[in-house]
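Undergrad: Contents are CSV, C-alpha atoms and all ligand atoms; file name run_7.csv:
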```csv
chain,number,residue,atom,x,y,z
T,526,MET,CA,-21.9,23.6,-13.8
T,527,THR,CA,-19.1,22.4,-16.2
T,528,THR,CA,-16.9,19.6,-14.9
T,529,PRO,CA,-13.3,19.7,-15.9
T,530,ALA,CA,-12.2,16.7,-17.9
T,531,PRO,CA,-11.0,13.9,-15.6
T,532,GLN,CA,-7.2,13.9,-15.0
T,533,TRP,CA,-5.6,10.6,-15.8
T,534,LEU,CA,-2.3,9.4,-14.3
T,535,PRO,CA,-0.7,7.0,-16.8
T,536,ALA,CA,1.9,4.4,-15.7
T,537,TRP,CA,5.3,5.2,-17.2
T,538,GLU,CA,7.1,2.9,-19.6
T,539,THR,CA,9.9,1.1,-17.7
T,540,THR,CA,12.9,1.2,-20.1
T,541,ASP,CA,12.5,5.0,-20.6
T,542,SER,CA,12.0,5.6,-16.9
T,543,LEU,CA,15.1,3.7,-15.9
T,544,ALA,CA,17.2,5.6,-18.5
T,545,ARG,CA,15.7,8.9,-17.2
T,546,VAL,CA,16.6,8.1,-13.6
T,547,ALA,CA,20.1,7.1,-14.6
T,548,THR,CA,20.5,10.5,-16.3
T,549,LEU,CA,19.3,12.3,-13.2
T,550,PHE,CA,21.9,10.3,-11.2
T,551,GLU,CA,24.7,11.2,-13.6
T,552,ARG,CA,23.8,14.9,-13.7
T,553,THR,CA,23.5,15.1,-9.9
T,554,PHE,CA,26.5,13.0,-8.8
T,555,GLY,CA,28.8,13.4,-11.8
T,556,ALA,CA,29.3,9.6,-12.1
T,557,SER,CA,27.5,6.7,-13.6
T,558,THR,CA,25.2,4.5,-11.7
T,559,ASP,CA,26.0,0.9,-10.7
T,560,GLY,CA,22.4,-0.2,-11.5
T,561,THR,CA,18.8,0.8,-11.9
T,562,PHE,CA,15.8,-0.8,-10.2
T,563,SER,CA,12.1,-0.3,-9.8
T,564,ALA,CA,9.2,-1.2,-7.5
T,565,PRO,CA,5.4,-0.9,-7.8
T,566,GLY,CA,2.8,0.9,-5.8
T,567,ARG,CA,-0.2,-1.2,-4.8
T,568,VAL,CA,-4.0,-1.2,-4.4
T,569,ASN,CA,-5.5,-3.5,-1.9
T,570,LEU,CA,-8.6,-5.2,-3.3
T,571,ILE,CA,-10.0,-6.0,0.1
T,572,GLY,CA,-8.7,-6.8,3.7
T,573,GLU,CA,-8.1,-3.3,5.2
T,574,HIS,CA,-6.6,-2.7,8.6
T,575,THR,CA,-6.2,-6.4,9.0
T,576,ASP,CA,-2.5,-6.8,8.4
T,577,TYR,CA,-1.5,-5.6,11.9
T,578,ASN,CA,-4.2,-7.9,13.4
T,579,GLY,CA,-2.7,-11.1,11.9
T,580,GLY,CA,-5.4,-11.0,9.3
T,581,LEU,CA,-5.8,-11.5,5.5
T,582,ALA,CA,-5.3,-9.0,2.7
T,583,LEU,CA,-5.6,-9.2,-1.1
T,584,PRO,CA,-3.5,-6.5,-2.8
T,585,ILE,CA,-2.2,-6.2,-6.4
T,586,ALA,CA,0.9,-4.4,-7.5
T,587,LEU,CA,0.2,-1.5,-9.8
T,588,GLU,CA,1.8,-0.8,-13.2
T,589,HIS,CA,2.8,2.5,-11.6
T,590,ARG,CA,6.4,2.3,-10.3
T,591,THR,CA,9.2,4.1,-8.5
T,592,TYR,CA,12.5,4.0,-10.3
T,593,VAL,CA,15.9,4.3,-8.6
T,594,ALA,CA,19.5,4.5,-9.8
T,595,VAL,CA,22.1,3.5,-7.1
T,596,ARG,CA,25.8,3.6,-6.7
T,597,LEU,CA,27.6,2.2,-3.7
T,598,ARG,CA,30.2,4.3,-1.8
T,599,GLU,CA,33.3,3.3,0.1
T,600,ASP,CA,32.3,5.3,3.1
T,601,SER,CA,29.0,5.6,5.1
T,602,LEU,CA,27.6,8.7,3.4
T,603,VAL,CA,24.2,8.6,1.8
T,604,ARG,CA,23.2,11.2,-0.8
T,605,LEU,CA,19.8,11.2,-2.4
T,606,VAL,CA,18.1,13.2,-5.1
T,607,SER,CA,14.5,13.0,-6.3
T,608,ALA,CA,13.0,14.2,-9.6
T,609,GLN,CA,10.0,15.1,-7.5
T,610,GLY,CA,11.9,17.2,-5.0
T,611,GLU,CA,14.6,19.8,-4.6
T,612,GLY,CA,18.2,19.6,-3.5
T,613,VAL,CA,20.2,16.7,-2.3
T,614,TRP,CA,19.2,14.8,0.9
T,615,GLU,CA,22.2,13.7,3.0
T,616,ALA,CA,22.8,11.5,6.0
T,617,ASP,CA,25.6,9.4,7.5
T,618,LEU,CA,24.4,5.8,7.6
T,619,ASP,CA,26.5,5.2,10.7
T,620,ALA,CA,24.5,7.9,12.5
T,621,VAL,CA,21.0,6.7,11.4
T,622,ALA,CA,18.9,5.5,14.3
T,623,PRO,CA,15.2,5.7,15.4
T,624,GLY,CA,14.4,9.4,15.7
T,625,ALA,CA,17.7,10.6,14.1
T,626,VAL,CA,16.5,11.5,10.5
T,627,SER,CA,13.4,13.0,8.9
T,628,GLY,CA,12.0,13.7,5.5
T,629,TRP,CA,11.6,11.5,2.4
T,630,GLY,CA,15.2,10.2,2.6
T,631,SER,CA,14.4,8.4,5.9
T,632,TYR,CA,12.5,5.8,4.0
T,633,LEU,CA,15.6,4.9,1.9
T,634,VAL,CA,18.3,5.3,4.5
T,635,GLY,CA,16.0,3.3,6.8
T,636,VAL,CA,16.2,0.3,4.4
T,637,ALA,CA,20.0,0.3,4.5
T,638,TRP,CA,19.9,0.7,8.3
T,639,ALA,CA,17.4,-2.2,8.6
T,640,LEU,CA,19.5,-4.5,6.4
T,641,ARG,CA,22.5,-3.7,8.7
T,642,GLN,CA,20.3,-4.6,11.7
T,643,ASP,CA,19.6,-7.9,9.9
T,644,GLY,CA,23.3,-8.6,9.9
T,645,PHE,CA,24.3,-7.5,6.4
T,646,THR,CA,27.3,-5.2,5.7
T,647,VAL,CA,25.9,-2.2,3.9
T,648,PRO,CA,28.0,0.8,2.9
T,649,GLY,CA,26.8,4.4,2.1
T,650,PHE,CA,25.4,5.0,-1.4
T,651,GLU,CA,24.1,7.6,-3.8
T,652,ALA,CA,20.7,7.3,-5.3
T,653,ALA,CA,18.4,9.1,-7.7
T,654,VAL,CA,14.7,8.5,-7.6
T,655,ASP,CA,11.8,9.2,-10.0
T,656,SER,CA,8.3,7.9,-9.6
T,657,CYS,CA,4.8,7.8,-11.2
T,658,VAL,CA,3.2,6.5,-8.0
T,659,PRO,CA,1.3,9.5,-6.8
T,660,PHE,CA,2.6,10.7,-3.4
T,661,GLY,CA,0.3,10.7,-0.4
T,662,ALA,CA,-2.5,9.1,-2.4
T,663,GLY,CA,-2.7,5.9,-0.3
T,664,LEU,CA,-1.1,3.9,-3.2
T,665,SER,CA,2.1,2.9,-1.3
T,666,SER,CA,4.5,5.4,-2.7
T,667,SER,CA,6.6,4.9,0.4
T,668,ALA,CA,6.7,1.1,0.1
T,669,ALA,CA,7.6,1.5,-3.6
T,670,LEU,CA,10.5,3.8,-2.6
T,671,GLU,CA,11.7,1.3,0.1
T,672,ALA,CA,11.3,-1.8,-2.1
T,673,SER,CA,13.1,-0.2,-5.1
T,674,LEU,CA,16.2,0.4,-3.0
T,675,ALA,CA,15.9,-2.9,-1.2
T,676,VAL,CA,16.2,-4.9,-4.5
T,677,GLY,CA,18.9,-2.4,-5.6
T,678,LEU,CA,21.1,-3.0,-2.5
T,679,ASP,CA,20.3,-6.7,-2.6
T,680,THR,CA,21.6,-6.9,-6.2
T,681,LEU,CA,24.6,-4.6,-5.9
T,682,LEU,CA,25.8,-6.2,-2.6
T,683,GLY,CA,25.0,-9.7,-3.7
T,684,LEU,CA,22.9,-10.4,-0.7
T,685,GLY,CA,21.0,-13.2,-2.5
T,686,LEU,CA,17.6,-12.3,-1.2
T,687,GLY,CA,15.7,-11.2,-4.3
T,688,GLY,CA,15.7,-14.5,-6.0
T,689,ASP,CA,12.9,-16.3,-4.1
T,690,ASP,CA,9.9,-15.5,-1.9
T,691,ASP,CA,11.7,-16.3,1.4
T,692,GLY,CA,14.4,-13.8,0.5
T,693,ARG,CA,11.9,-11.3,-0.7
T,694,SER,CA,9.9,-11.6,2.5
T,695,ARG,CA,13.2,-10.8,4.4
T,696,LEU,CA,13.6,-7.7,2.2
T,697,ALA,CA,10.0,-6.7,2.9
T,698,ALA,CA,10.7,-7.1,6.6
T,699,ALA,CA,13.6,-4.7,6.3
T,700,CYS,CA,11.3,-2.2,4.5
T,701,VAL,CA,8.8,-2.5,7.3
T,702,ARG,CA,11.4,-1.7,9.9
T,703,ALA,CA,12.6,1.2,7.9
T,704,GLU,CA,9.1,2.6,7.8
T,705,ASN,CA,8.2,1.8,11.4
T,706,GLU,CA,11.4,2.6,13.2
T,707,ILE,CA,13.2,5.2,11.0
T,708,ALA,CA,10.4,7.0,9.1
T,709,GLY,CA,8.1,6.7,12.2
T,710,ALA,CA,4.9,5.3,10.5
T,711,ALA,CA,3.5,2.4,12.4
T,712,THR,CA,2.2,0.6,9.3
T,713,GLY,CA,1.5,-3.1,9.1
T,714,GLY,CA,3.5,-4.7,6.3
T,715,MET,CA,0.9,-5.3,3.5
T,716,ASP,CA,2.3,-2.6,1.3
T,717,GLN,CA,5.9,-3.9,1.3
T,718,ALA,CA,4.7,-7.5,0.8
T,719,ALA,CA,2.7,-6.3,-2.3
T,720,SER,CA,5.6,-4.4,-3.7
T,721,LEU,CA,8.2,-7.2,-3.3
T,722,ARG,CA,6.2,-10.4,-3.3
T,723,ALA,CA,3.3,-9.9,-5.8
T,724,GLN,CA,3.3,-11.7,-9.2
T,725,ASP,CA,2.4,-10.3,-12.6
T,726,GLY,CA,-1.3,-11.0,-13.4
T,727,HIS,CA,-2.0,-12.1,-9.9
T,728,ALA,CA,-3.5,-10.8,-6.6
T,729,LEU,CA,-1.4,-11.5,-3.6
T,730,ALA,CA,-3.4,-13.5,-1.0
T,731,LEU,CA,-1.4,-12.5,2.1
T,732,ASP,CA,-1.9,-14.2,5.4
T,733,CYS,CA,-0.3,-11.8,8.0
T,734,LEU,CA,-0.5,-14.4,10.8
T,735,ASP,CA,2.4,-16.5,9.4
T,736,GLY,CA,3.4,-14.2,6.5
T,737,SER,CA,2.5,-16.8,3.9
T,738,VAL,CA,1.3,-15.9,0.4
T,739,ARG,CA,-0.7,-17.4,-2.4
T,740,HIS,CA,-0.9,-16.0,-5.9
T,741,GLU,CA,-4.4,-15.9,-7.3
T,742,PRO,CA,-4.9,-15.0,-11.0
T,743,PHE,CA,-6.5,-11.6,-11.3
T,744,ALA,CA,-7.4,-10.7,-14.8
T,745,PRO,CA,-11.1,-10.1,-14.9
T,746,VAL,CA,-12.3,-10.5,-18.5
T,747,ASP,CA,-15.3,-8.3,-18.5
T,748,ARG,CA,-14.4,-6.0,-15.6
T,749,GLU,CA,-11.7,-3.5,-15.0
T,750,LEU,CA,-10.3,-1.7,-12.0
T,751,LEU,CA,-10.6,2.1,-11.7
T,752,VAL,CA,-8.4,3.8,-9.1
T,753,ILE,CA,-9.7,7.2,-7.8
T,754,ASP,CA,-7.1,9.4,-6.1
T,755,THR,CA,-9.4,11.7,-4.1
T,756,ARG,CA,-6.6,14.2,-3.6
T,757,ALA,CA,-7.8,14.5,0.0
T,758,PRO,CA,-4.6,14.8,2.0
T,759,HIS,CA,-3.4,11.5,3.6
T,760,SER,CA,-0.8,10.7,6.1
T,761,LEU,CA,0.0,7.6,8.0
T,762,ASN,CA,2.2,9.2,10.7
T,763,ASP,CA,-0.2,11.8,12.1
T,764,GLY,CA,-1.4,9.6,14.9
T,765,GLN,CA,-4.8,8.4,13.6
T,766,TYR,CA,-3.4,5.2,12.1
T,767,ALA,CA,-1.4,4.5,15.2
T,768,SER,CA,-4.4,5.1,17.4
T,769,ARG,CA,-6.5,2.5,15.4
T,770,ARG,CA,-3.7,0.0,15.8
T,771,ALA,CA,-3.4,0.7,19.6
T,772,THR,CA,-7.1,0.2,20.1
T,773,CYS,CA,-6.9,-3.2,18.4
T,774,ASP,CA,-3.9,-4.3,20.4
T,775,ALA,CA,-5.6,-3.2,23.6
T,776,ALA,CA,-8.8,-5.1,22.7
T,777,ALA,CA,-6.8,-8.3,21.9
T,778,ALA,CA,-5.2,-8.0,25.3
T,779,VAL,CA,-8.6,-7.7,27.0
T,780,LEU,CA,-9.8,-10.8,25.0
T,781,GLY,CA,-6.6,-12.6,26.0
T,782,VAL,CA,-5.4,-13.4,22.5
T,783,PRO,CA,-2.1,-12.4,20.7
T,784,THR,CA,-4.1,-11.0,17.7
T,785,LEU,CA,-7.8,-10.4,16.8
T,786,ARG,CA,-7.3,-13.1,14.1
T,787,HIS,CA,-6.8,-15.7,16.9
T,788,TRP,CA,-10.1,-14.6,18.3
T,789,LEU,CA,-11.8,-15.1,14.9
T,790,ASP,CA,-10.3,-18.4,14.3
T,791,ALA,CA,-11.3,-19.7,17.7
T,792,ALA,CA,-15.0,-18.9,17.0
T,793,THR,CA,-17.5,-20.9,15.0
T,794,ASP,CA,-17.9,-18.0,12.6
T,795,ALA,CA,-17.5,-14.2,12.3
T,796,ALA,CA,-20.9,-13.4,13.8
T,797,ALA,CA,-20.1,-15.6,16.9
T,798,ALA,CA,-16.6,-14.0,17.2
T,799,VAL,CA,-18.2,-10.5,17.1
T,800,ALA,CA,-20.9,-11.4,19.7
T,801,SER,CA,-18.4,-12.9,22.1
T,802,ALA,CA,-16.0,-10.0,21.8
T,803,ASP,CA,-18.9,-7.5,22.3
T,804,ALA,CA,-19.7,-9.2,25.6
T,805,LEU,CA,-16.2,-8.8,26.9
T,806,LEU,CA,-15.3,-5.3,25.7
T,807,ASP,CA,-16.9,-2.5,27.7
T,808,ASP,CA,-16.1,0.4,25.3
T,809,ASP,CA,-18.4,1.0,22.3
T,810,VAL,CA,-15.5,2.4,20.2
T,811,ALA,CA,-13.4,-0.7,20.8
T,812,ARG,CA,-16.4,-2.9,20.0
T,813,ARG,CA,-16.9,-1.2,16.6
T,814,ARG,CA,-13.2,-1.3,15.8
T,815,VAL,CA,-13.0,-5.0,16.6
T,816,ARG,CA,-16.2,-5.7,14.6
T,817,HIS,CA,-14.6,-4.2,11.6
T,818,VAL,CA,-11.4,-6.2,11.9
T,819,LEU,CA,-13.2,-9.6,12.5
T,820,THR,CA,-15.8,-9.1,9.7
T,821,GLU,CA,-13.1,-7.7,7.3
T,822,ILE,CA,-10.9,-10.8,7.7
T,823,ASP,CA,-14.0,-12.9,7.1
T,824,ARG,CA,-15.0,-10.8,4.0
T,825,THR,CA,-11.4,-11.2,2.7
T,826,ARG,CA,-11.7,-15.0,2.9
T,827,GLN,CA,-15.0,-14.9,1.0
T,828,ALA,CA,-13.5,-12.5,-1.6
T,829,HIS,CA,-10.7,-14.9,-2.1
T,830,ASP,CA,-13.2,-17.6,-2.9
T,831,ALA,CA,-15.2,-15.3,-5.1
T,832,LEU,CA,-12.0,-14.4,-7.0
T,833,ARG,CA,-11.2,-18.0,-7.6
T,834,ALA,CA,-14.8,-18.7,-8.8
T,835,GLY,CA,-14.7,-15.6,-11.0
T,836,ASP,CA,-17.9,-14.4,-9.2
T,837,TRP,CA,-17.5,-10.7,-9.7
T,838,ASP,CA,-20.9,-9.8,-8.4
T,839,ALA,CA,-20.1,-11.5,-5.1
T,840,PHE,CA,-16.7,-9.8,-5.1
T,841,GLY,CA,-18.2,-6.4,-5.7
T,842,ALA,CA,-20.8,-6.9,-2.9
T,843,LEU,CA,-17.9,-7.7,-0.5
T,844,MET,CA,-16.1,-4.5,-1.6
T,845,ASP,CA,-19.2,-2.5,-0.8
T,846,ALA,CA,-19.6,-4.1,2.6
T,847,SER,CA,-15.9,-3.5,3.3
T,848,HIS,CA,-16.3,0.2,2.6
T,849,ALA,CA,-19.4,0.5,4.8
T,850,SER,CA,-17.5,-1.2,7.7
T,851,LEU,CA,-14.5,1.1,7.3
T,852,ARG,CA,-16.8,4.1,7.2
T,853,ASP,CA,-19.1,3.2,10.1
T,854,ASP,CA,-17.2,1.0,12.4
T,855,TYR,CA,-13.5,1.8,11.8
T,856,GLU,CA,-14.2,5.4,10.9
T,857,VAL,CA,-11.2,5.9,8.6
T,858,THR,CA,-13.0,7.3,5.5
T,859,VAL,CA,-13.5,11.0,4.7
T,860,PRO,CA,-16.3,12.6,2.7
T,861,GLU,CA,-14.2,12.5,-0.5
T,862,LEU,CA,-13.8,8.7,-0.2
T,863,ASP,CA,-17.6,8.2,0.5
T,864,VAL,CA,-18.6,10.4,-2.4
T,865,ALA,CA,-16.1,8.7,-4.8
T,866,VAL,CA,-17.5,5.3,-3.9
T,867,GLU,CA,-21.2,6.3,-4.1
T,868,ALA,CA,-20.7,8.1,-7.4
T,869,ALA,CA,-18.8,5.2,-8.9
T,870,ARG,CA,-21.5,2.8,-7.9
T,871,ALA,CA,-24.3,5.0,-9.2
T,872,ALA,CA,-22.3,5.1,-12.5
T,873,GLY,CA,-22.3,1.3,-12.8
T,874,ALA,CA,-19.4,0.0,-10.6
T,875,VAL,CA,-20.2,-3.5,-9.4
T,876,GLY,CA,-18.3,-2.7,-6.2
T,877,ALA,CA,-16.3,0.1,-4.8
T,878,ARG,CA,-14.3,0.9,-1.6
T,879,MET,CA,-11.6,2.9,-0.1
T,880,THR,CA,-8.2,1.3,-0.4
T,881,GLY,CA,-5.2,1.5,1.9
T,882,GLY,CA,-5.1,3.3,5.3
T,883,GLY,CA,-7.9,5.8,4.6
T,884,PHE,CA,-8.1,9.3,6.1
T,885,GLY,CA,-7.9,10.6,2.5
T,886,GLY,CA,-6.1,8.7,-0.2
T,887,SER,CA,-7.7,6.5,-2.9
T,888,ALA,CA,-10.7,4.5,-3.6
T,889,ILE,CA,-11.1,1.6,-6.1
T,890,ALA,CA,-14.1,0.6,-8.2
T,891,LEU,CA,-14.6,-2.6,-10.1
T,892,VAL,CA,-16.4,-1.5,-13.3
T,893,PRO,CA,-17.7,-3.2,-16.4
T,894,ALA,CA,-14.8,-3.4,-19.0
T,895,GLY,CA,-14.6,-0.3,-21.1
T,896,THR,CA,-16.5,2.0,-18.8
T,897,SER,CA,-13.7,3.5,-16.7
T,898,HIS,CA,-13.8,6.9,-18.5
T,899,GLU,CA,-17.6,7.1,-18.0
T,900,VAL,CA,-17.3,6.3,-14.3
T,901,ALA,CA,-14.4,8.7,-13.9
T,902,HIS,CA,-16.5,11.4,-15.4
T,903,ALA,CA,-19.3,10.8,-13.0
T,904,VAL,CA,-17.0,10.8,-10.0
T,905,ALA,CA,-15.3,14.1,-11.2
T,906,GLN,CA,-18.8,15.6,-11.6
T,907,ALA,CA,-19.8,14.5,-8.1
T,908,PHE,CA,-16.6,16.0,-6.7
T,909,ALA,CA,-17.3,19.3,-8.5
T,910,GLU,CA,-20.9,19.4,-7.0
T,911,HIS,CA,-19.5,18.9,-3.5
T,912,GLY,CA,-16.8,21.6,-4.0
T,913,PHE,CA,-14.0,19.1,-3.5
T,914,THR,CA,-10.6,19.3,-5.2
T,915,SER,CA,-10.7,17.5,-8.6
T,916,PRO,CA,-9.8,13.9,-8.3
T,917,ALA,CA,-7.3,12.0,-10.5
T,918,PHE,CA,-7.7,8.6,-12.0
T,919,LEU,CA,-5.7,5.7,-13.0
T,920,THR,CA,-6.3,2.2,-14.2
T,921,SER,CA,-4.0,-0.8,-13.8
T,922,ARG,CA,-3.8,-4.5,-14.3
T,923,ALA,CA,-2.1,-6.6,-11.7
T,924,ALA,CA,1.5,-5.9,-12.4
T,925,GLY,CA,4.9,-7.4,-11.3
T,926,PRO,CA,7.0,-6.9,-8.2
T,927,ALA,CA,10.2,-4.9,-7.5
T,928,ALA,CA,13.0,-5.9,-9.9
L,1001,LIG,C1,-1.7,1.3,5.1
L,1001,LIG,C2,-0.6,0.5,5.9
L,1001,LIG,C3,-0.8,-1.0,5.7
L,1001,LIG,C4,-2.2,-1.3,6.1
L,1001,LIG,C5,-3.2,-0.4,5.4
L,1001,LIG,C6,-4.6,-0.7,5.9
L,1001,LIG,O1,-1.6,1.1,3.8
L,1001,LIG,O2,0.7,0.9,5.3
L,1001,LIG,O3,0.1,-1.7,6.5
L,1001,LIG,O4,-2.4,-1.4,7.5
L,1001,LIG,O5,-2.9,1.0,5.6
L,1001,LIG,O6,-5.1,-1.9,5.5
```
Would you mind giving the structure from this file in structure tokens?
Ligand code: GLA
TA:
Amino acid sequence: MTTPAPQWLPAWETTDSLARVATLFERTFGASTDGTFSAPGRVNLIGEHTDYNGGLALPIALEHRTYVAVRLREDSLVRLVSAQGEGVWEADLDAVAPGAVSGWGSYLVGVAWALRQDGFTVPGFEAAVDSCVPFGAGLSSSAALEASLAVGLDTLLGLGLGGDDDGRSRLAAACVRAENEIAGAATGGMDQAASLRAQDGHALALDCLDGSVRHEPFAPVDRELLVIDTRAPHSLNDGQYASRRATCDAAAAVLGVPTLRHWLDAATDAAAAVASADALLDDDVARRRVRHVLTEIDRTRQAHDALRAGDWDAFGALMDASHASLRDDYEVTVPELDVAVEAARAAGAVGARMTGGGFGGSAIALVPAGTSHEVAHAVAQAFAEHGFTSPAFLTSRAAGPAA
């Protein structure tokens, strides 16, 4: 069997991309833009399905970004165009409310709505969007969309939020409300934090219990990060994600704690937390979901230490254990993710795991520097052997936030 050459998805150059999105704006709306902005997608190194449990996550911002050109209007009309779509999406911002809009524009109009809910005066606007963050690939294309407009509105309206981490976390909160309440995806907040609060060259050590962050240098000298877009369809608003979240909330209620993180922190260690939760939960599915969350928060803590120590073997082993837990206990992987991870490891990755929400989407592999192409080839071959759609690949260093 001949395997097609792996398809690579390069990050775009920022200056050109901003000029291109400004041109799309001018052609569509017949006027010049007030400003151009951009925001990154993300991969999470470890700490999956922990954010809505008050847990820890460790994402990096990708070099792959969404670009937006914005012009404020005097009225409340919102008109949007995307280089990746057709036609102009329109809504009246005054009429936006939960359940009132649908489609890709809801992520953007939702940000304006959420800033209004937060007390800011936000008028209608026109926006043109272009992106090299692959859609539906679990790389936070929606958070990149939200965050690019959030910094755009912040700048053009002089809200003063983009200049420091406190303001950025308020912008991130508006993006989360846009996604949860207007776009209808019950996601947890890690993606928006990564897009708005990450720092160039650093992983974002995010503590979702109090929203605090630390910036850990992430620039492995002799390793590199390969991202595998499995092309298996992925959606966060089809009920599966929300059902995982509901199971965790119900389990926390049975255990009598506000979040599963509280349960972990009250125990001597993760094994004790799992054992005591097992004894109180009477449903096997709930026990396994809880075991994933408790052990994943613990793994993320250990991965943070491994990162600081530059111990990539330990880091890789934690990635592997995270994937196994997401596959067996949390049950959010699909065959494409499992095959991608196994093939990457067999080809020399020191660790590999699914990243993001799962149910399709992307995997990441930490591979010896200079071997990404070789590993990608092996993964593409394994996909061909399984009769899967050909995957796509990207590499990225830890890049900078929305700007
Ligand atoms: C998606 C959600 C995040 C997070 C991850 C799983 O990416 O948007 O909030 O819950 O899944 O870790």
Undergrad: Distance limit 6 Å, reference ligand LIG 1001 (chain L), atoms considered: only C-alpha atoms and all ligand atoms. Which residues make the cut? Give them as an mmCIF file with C-alpha atoms, keeping the file's coordinate frame.
TA:
```cif
data_model
loop_
_atom_site.group_PDB
_atom_site.id
_atom_site.type_symbol
_atom_site.label_atom_id
_atom_site.label_comp_id
_atom_site.auth_asym_id
_atom_site.auth_seq_id
_atom_site.Cartn_x
_atom_site.Cartn_y
_atom_site.Cartn_z
ATOM 1 C CA GLU T 573 -8.100 -3.300 5.200
ATOM 2 C CA HIS T 574 -6.600 -2.700 8.600
ATOM 3 C CA THR T 575 -6.200 -6.400 9.000
ATOM 4 C CA ASP T 576 -2.500 -6.800 8.400
ATOM 5 C CA THR T 712 2.200 0.600 9.300
ATOM 6 C CA GLY T 713 1.500 -3.100 9.100
ATOM 7 C CA GLY T 714 3.500 -4.700 6.300
ATOM 8 C CA MET T 715 0.900 -5.300 3.500
ATOM 9 C CA ASP T 716 2.300 -2.600 1.300
ATOM 10 C CA GLY T 881 -5.200 1.500 1.900
ATOM 11 C CA GLY T 882 -5.100 3.300 5.300
#
```
Undergrad: Pick out the closest residue to T:Ala767 from this set: T:Ala698, T:Val857, T:Ala907, T:Ala890. Count only C-alpha atoms.
TA: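 Nearest candidate to T:Ala767 out of T:Ala698, T:Val857, T:Ala907, T:Ala890: T:Val857.
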Undergrad: Go through stretch 808-872 of chain T and flag each residue having an atom no more than 12 Å from stretch 725-736 of chain T; for those, report the closest pair of atoms plus their distance in Å to one decimal, using all atoms listed in the file, ordered by chain and rising number, as a tab-separated table.
TA:
```
residue	atom	partner	partner_atom	distance
T:Ile822	CA	T:Asp732	CA	9.9
T:Thr825	CA	T:Ala730	CA	9.1
T:Arg826	CA	T:Ala730	CA	9.3
T:Gln827	CA	T:Ala730	CA	11.9
T:Ala828	CA	T:Ala730	CA	10.2
T:His829	CA	T:Ala730	CA	7.5
T:Asp830	CA	T:Ala730	CA	10.8
T:Leu832	CA	T:Ala728	CA	9.2
T:Arg833	CA	T:Ala728	CA	10.6
```
Undergrad: Distance table requested - stretch 558-635 of chain T against stretch 662-679 of chain T, cut-off 7 Å, only C-alpha atoms: one row per qualifying residue with the closest atom pair and its distance in Å to one decimal, ordered by chain and rising residue number, as CSV.
TA:
```
residue,atom,partner,partner_atom,distance
T:Phe562,CA,T:Gly677,CA,5.8
T:Ser563,CA,T:Ser673,CA,4.8
T:Ala564,CA,T:Ser673,CA,4.7
T:Pro565,CA,T:Ala669,CA,5.3
T:Gly566,CA,T:Ser665,CA,5.0
T:Arg567,CA,T:Leu664,CA,5.4
T:Val568,CA,T:Leu664,CA,6.0
T:Arg590,CA,T:Ala669,CA,6.9
T:Thr591,CA,T:Ala669,CA,5.8
T:Tyr592,CA,T:Ser673,CA,6.7
T:Val593,CA,T:Ser673,CA,6.4
T:Val595,CA,T:Gly677,CA,6.9
T:Tyr632,CA,T:Glu671,CA,6.0
T:Leu633,CA,T:Glu671,CA,5.6
```
Undergrad: Could you check how far atom CA of T:Ala791 sits from atom CA of T:Asp836, in Å to one decimal?
TA: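 Computing it gives 28.2 Å between the two atoms.
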